[in-house]
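Let me begin by presenting the structure, written as structure tokens, before commenting on it.
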Amino acid sequence: MAAQVLAEAGAISAANRAMRDALAGRPLVSAERFCGSLRAAYAGPGPVEAARPVVAVGCYPAWTAAALCSMLAAEERTGVRGPEQRRSWAETVDGPARALLAGLARPPVISAWYATDRLRAWAGLGGTVAAVDGRLRAVVEDKAAFTALLTAAGVPQRMRIPAVRIDGALPVLGELQRMVGSEQLVVQCGADSGGRGTTFVTTSADLEAAARLPGPYKVAAFVVGWSSNTTVLTVPTGRGVAVYVDRPSHKAVGVAEAGIGPGKSAGNDWSRPWPARAATDLVDAAVRVGEFLWREHRVAGLFGLDAILTGDGAVMFNEINLRNQGTTEVSGVNQQLRGLPPFVVAHLTVLLGGRANWLPSVDEFNAATIATAIRSVPGPYYLKLRHRGHTPVRVSGLRGPGVYRITGGRLDWVRPGAHPADADADAGEVLLASLPDERVVCLPGAELGTAEALTTGGASPFAGPHALSSFGRSVLDALGHQLEPATEPTTAR
């Protein structure tokens with residue numbers, strides 16, 4: 001199946017040239033939590049070599065199949081993986097990162113989720129952070145302002161979840177329920193990612209917990225259905241922007257169990273078909289949002305739209321992520337399946353002032369997105385692997401990240417790999433990416449990596465919006481056999 005992912009040689013060659021021209025001899029540096037970020041672009045079938053970072057700085061180290069020229073990973077210094085480490089990794093490597101990047105022959109171009117003062121300091125005089133500005137990102141991603149953004153962009157009312165903005169103290173539960181017409185509520189605030197800043201409210205106690213978060217608040221009706229992530233790319237044309245919309249996913253949430261399992265978000269599957277009306281509505285709304293962001297803020301490059309696909313085939317939007325994000329890594333396989341490099345290559349090229357001249361016409365691309373989304377055709381998935389136990393563990397007895405097959409409830413090594421298409425889920429294979437070294441102590445809540453593959457749909461890890469499939473459960477159960485108790489280092493406390 002991996003052969004189907006080969007992007008067309010002409011598009012690869014054009015992307016390589018355009019990105020090299022945009023870099024103009026400056027070294028590309030990746031600064032994201034996973035040092036193997038961008039690997040779908042440079043390590044898979046039809047690699048764009050210009051997208052291979054010269055240096056990767058992050059929390060979790062890359063592995064041999066996703067190897068880079070140089071790497072600085074916080075985990076190699078701490079020997080610990082946990083929730084606090086994934087939040088503080090940039091502080092942990094701050095001094096060494098500044099020294100390493102200052103020693104490069106030329107000022108670097110840093111690829112990151114969004115630009116911060118720390119990253120600008122790492123880039124140094126003459127360096128560039130190729131990412132949306134963090135201050136703008138906070139404004140646009142403000143959850144309390146999302147309904148107003150959709151309204152200003154002209155997204156039809158039927159695609160907006162009933163919600164109200166509360167600038168002061170939250171009213172009592174009954175009043176909020178009447179305001180949005182729902183017994184179950186979703187209270188959100190701020191611009192945090194990963195589910196932070198979001199509280200599901202059904203009782204007064206839930207509302208008290210939500211009120212402890214700083215306002216202003218968005219209080220929305222809870223909508224039943226599949227969550228979804230969609231990656232969007234805006235490319236300036238000289239007369240405005242062309243807005244390219246990727247195939248939408250089915251995103252499972254809330255399937256955590258004891259032992260191994262994901263937290264609020266379990267992962268995404270792009271192999272499941274969408275209803276035609278919902279796919280068409282989603283693409284139209286994403287284009288409207290992209291054009292609005294260009295008009296109001298001159299936003300170009302990648303952003304993400306989160307939505308709910310309801311049981312009756314409607315789509316309703318609930319969040320925007322104005323940045324390159326973790327989902328982008330695997331969603332890039334969708335573009336490769338259509339003969340193109342991943343969107344992130346165009347994202348970086350555009351942010352550096354170059355032209356993504358390998359892209360087809362936007363009307364052609366978006367029409368193909370709808371046609372692809374409504375059919376059962378191969379697509380990638382990822383399943384988050386997280387330690388849900390209550391005591392520290394180590395992952396032992398495996399050969400590190402790579403392609404495995406589950407045999408008799410155990411993980412058997414098959415071959416090296418770094419790209420989701422290296423694993424054929426329909427043949428029982430799975431790529432385990434970003435696994436910790438067996439010497440690393442994994443604390444409760446630690447990210448153990450991701451399970452990734454390409455599937456025609458029958459080997460999806462999800463059976464429903466809040467349920468794992470038998471295959472998904474078998475992956476988590478098999479990984480659970482590889483966990484051994486560990487002693488938490490004193491320095492991690």
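Going through the structure tokens in order, the chains are called A, B, and so on, while each chain numbers its residues from 1 and the ligands are numbered from 1 in the order shown.
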### Query
Using only C-alpha atoms, which residues sit within 12 Å of A:Ala148 once same-chain residues fewer than 3 positions away are excluded, as JSON, numbers by chain?
{"A": [140, 141, 142, 143, 144, 145, 151, 152, 153, 154, 155, 157, 160, 161, 162, 163, 164, 165, 218, 289, 292, 318, 319]}
Generate the output file for the selected residues, C-alpha atoms, as a PDB file, in the first residue's frame.
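The resulting file, result-v4.pdb, is shown below:
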ATOM      1  CA  VAL A 140      -7.650  34.050  17.009  1.00  0.00           C
ATOM      2  CA  GLU A 141      -7.746  30.853  19.085  1.00  0.00           C
ATOM      3  CA  ASP A 142      -9.547  32.540  22.000  1.00  0.00           C
ATOM      4  CA  LYS A 143     -12.406  30.115  22.530  1.00  0.00           C
ATOM      5  CA  ALA A 144     -14.753  32.827  23.788  1.00  0.00           C
ATOM      6  CA  ALA A 145     -14.374  34.651  20.456  1.00  0.00           C
ATOM      7  CA  THR A 151     -20.161  34.846  12.101  1.00  0.00           C
ATOM      8  CA  ALA A 152     -17.736  37.415  10.688  1.00  0.00           C
ATOM      9  CA  ALA A 153     -16.435  34.842   8.200  1.00  0.00           C
ATOM     10  CA  GLY A 154     -19.948  34.215   6.911  1.00  0.00           C
ATOM     11  CA  VAL A 155     -20.201  30.603   8.075  1.00  0.00           C
ATOM     12  CA  GLN A 157     -25.797  29.515  11.281  1.00  0.00           C
ATOM     13  CA  ARG A 160     -22.391  27.084  14.406  1.00  0.00           C
ATOM     14  CA  ILE A 161     -22.987  25.330  17.717  1.00  0.00           C
ATOM     15  CA  PRO A 162     -25.472  27.258  19.910  1.00  0.00           C
ATOM     16  CA  ALA A 163     -23.296  29.222  22.314  1.00  0.00           C
ATOM     17  CA  VAL A 164     -23.084  32.399  24.361  1.00  0.00           C
ATOM     18  CA  ARG A 165     -20.143  34.489  25.492  1.00  0.00           C
ATOM     19  CA  LYS A 218     -17.773  30.419  25.763  1.00  0.00           C
ATOM     20  CA  VAL A 289     -12.640  31.184   7.432  1.00  0.00           C
ATOM     21  CA  PHE A 292     -11.543  36.009   6.545  1.00  0.00           C
ATOM     22  CA  ASN A 318     -16.278  24.122  17.677  1.00  0.00           C
ATOM     23  CA  GLU A 319     -12.655  25.359  17.595  1.00  0.00           C
TER      24      GLU A 319
END
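The shell of residues at most 7 Å from A:Val109, with only C-alpha atoms counted and near chain neighbours (fewer than 5 positions) removed, consists of Arg26, Pro27, Leu28, Val29, Gly127, Thr128, Val129 and Ala130 of chain A.
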### Query
Skipping near chain neighbours, those fewer than 2 positions away, what residues fall within 10 Å of stretch 59-62 of chain A using only C-alpha atoms, listed as a PyMOL selection string?
chain A and resi 31-37+39+56-57+64-68+71-78+81+85-90+92-93+401+418+433-437+447-449
Can you list, as a compact mmCIF listing (two decimals) with C-alpha atoms, in the first residue's frame, all residues belonging to stretch 192-421 of chain A that DSSP tags as helix (DSSP H, G or I)?
# COMPACT_ATOMS: atom_id res chain seq x y z
CA SER A 204 -23.41 22.43 39.52
CA ALA A 205 -20.14 20.91 40.74
CA ASP A 206 -18.91 20.76 37.13
CA LEU A 207 -19.86 24.40 36.72
CA GLU A 208 -17.94 25.36 39.85
CA ALA A 209 -14.85 23.69 38.39
CA ALA A 210 -15.33 25.57 35.11
CA ALA A 211 -15.73 28.87 36.94
CA ALA A 276 -21.59 14.35 0.99
CA ARG A 277 -23.51 17.31 2.39
CA ALA A 278 -21.28 17.55 5.45
CA ALA A 279 -18.08 17.32 3.40
CA THR A 280 -19.27 20.03 1.03
CA ASP A 281 -20.35 22.29 3.89
CA LEU A 282 -17.05 21.79 5.71
CA VAL A 283 -14.93 22.72 2.70
CA ASP A 284 -17.06 25.79 1.95
CA ALA A 285 -16.87 26.99 5.57
CA ALA A 286 -13.10 26.38 5.80
CA VAL A 287 -12.58 28.51 2.68
CA ARG A 288 -14.68 31.29 4.21
CA VAL A 289 -12.64 31.18 7.43
CA GLY A 290 -9.33 31.18 5.54
CA GLU A 291 -10.36 34.15 3.44
CA PHE A 292 -11.54 36.01 6.55
CA LEU A 293 -8.26 35.39 8.37
CA TRP A 294 -6.37 36.77 5.37
CA ARG A 295 -8.56 39.88 5.16
CA GLU A 296 -8.42 40.62 8.87
CA HIS A 297 -4.95 39.44 9.88
CA GLY A 326 0.55 17.75 15.95
CA THR A 327 -2.31 16.55 13.75
CA THR A 328 -0.57 18.05 10.71
CA GLU A 329 2.15 15.38 10.77
CA VAL A 330 -0.07 12.43 9.88
CA SER A 331 -2.71 14.39 7.94
CA GLY A 332 0.07 15.20 5.44
CA VAL A 333 -0.22 11.63 4.16
CA ASN A 334 -3.57 12.64 2.64
CA GLN A 335 -1.76 15.06 0.34
CA GLN A 336 0.83 12.43 -0.57
CA LEU A 337 -1.97 10.03 -1.51
CA PHE A 343 0.97 20.89 3.24
CA VAL A 344 3.72 21.71 5.74
CA VAL A 345 6.19 22.12 2.86
CA ALA A 346 3.97 24.79 1.29
CA HIS A 347 3.38 26.30 4.74
CA LEU A 348 7.10 26.87 5.32
CA THR A 349 7.74 28.02 1.75
CA VAL A 350 4.93 30.59 1.89
CA LEU A 351 5.95 31.91 5.31
CA VAL A 362 -7.61 25.52 -5.51
CA ASP A 363 -10.99 24.69 -7.09
CA GLU A 364 -9.61 21.44 -8.47
CA PHE A 365 -8.03 20.50 -5.15
CA ASN A 366 -11.09 21.24 -3.00
CA ALA A 367 -13.44 19.44 -5.39
CA ALA A 368 -11.15 16.40 -5.13
CA THR A 369 -11.19 16.73 -1.33
CA ILE A 370 -14.96 16.39 -1.29
CA ALA A 371 -14.86 13.48 -3.77
CA THR A 372 -12.25 11.71 -1.64
CA ALA A 373 -13.92 12.42 1.70
CA PRO A 420 2.68 6.19 8.60
CA ALA A 421 2.62 4.52 5.17
### Query
Can you list, as a VMD selection string, every residue of stretch 230-464 of chain A that DSSP puts in strand (DSSP E or B)?
chain A and resid 230 to 236 241 to 245 250 to 253 260 265 to 269 301 to 310 315 to 321 379 to 387 393 to 395 402 to 407 410 to 415 424 429 to 433 441 to 442 447 to 455 462 to 464
### Query
Do you know which residues are at most 9 Å from A:Ser396 counting only C-alpha atoms, after dropping those on the same chain fewer than 4 positions away, and could you put them as a count of residues only?
7
### Task
Would you mind listing what lies within 10 Å of A:Ser460 as a PyMOL selection string, with only C-alpha atoms counted and same-chain residues fewer than 6 positions away left out?
chain A and resi 268-272+379-383+425-426+453-454+468-472
### Query
So which one's closest to A:Gly181, A:Pro156, A:Leu38, A:Val223, A:Ala169? Using only C-alpha atoms, please.
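Comparing A:Pro156, A:Leu38, A:Val223, A:Ala169 against A:Gly181, the winner is A:Val223.
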### Task
Pick out the closest residue to A:Gly389 from this set: A:Asp422, A:Gly445, A:Ala18, A:Ile374. Count only C-alpha atoms.
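Of A:Asp422, A:Gly445, A:Ala18, A:Ile374, the one nearest A:Gly389, counting only C-alpha atoms, is A:Gly445.
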### Task
Tell me which of A:Leu149, A:Ala115, A:Ser30, A:Gly46 sits closest to A:Gly339, counting only C-alpha atoms.
A:Gly46
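Distance-wise, atom CA of A:Leu385 and atom CA of A:Arg399 end up 16.6 Å apart.
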### Counting only C-alpha atoms, the residue of A:Leu213, A:Arg323, A:Gly44, A:Leu173 that sits nearest A:Ala423
A:Gly44
#### Entry: Distance in Å - atom CA of A:Leu443 versus atom CA of A:Glu488
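Taking atom CA of A:Leu443 as the start and atom CA of A:Glu488 as the end point, the length is 7.4 Å.
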### Task
Give me the residues within 12 Å of A:Ala221 as JSON, numbers by chain, counting only C-alpha atoms and dropping any in the same chain fewer than 5 places off.
{"A": [160, 161, 162, 163, 164, 176, 177, 178, 179, 180, 181, 182, 183, 184, 185, 186, 187, 188, 199, 200, 201, 202, 308, 316, 317, 318]}
### Message
I'd like the contact shell of stretch 234-240 of chain A - 7 Å cut-off, only C-alpha atoms, skipping same-chain residues fewer than 2 positions apart - returned as an NGL selection string.
### Response
:A and (232 or 242-244 or 290 or 300-302 or 350)
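Note that the spacing between atom CA of A:Arg135 and atom CA of A:Ile166 amounts to 22.2 Å.
Using only C-alpha atoms, the shortest contact distance between A:Gly174 and any of A:Arg355, A:Val224, A:Thr203, A:Val440 is found at A:Thr203.
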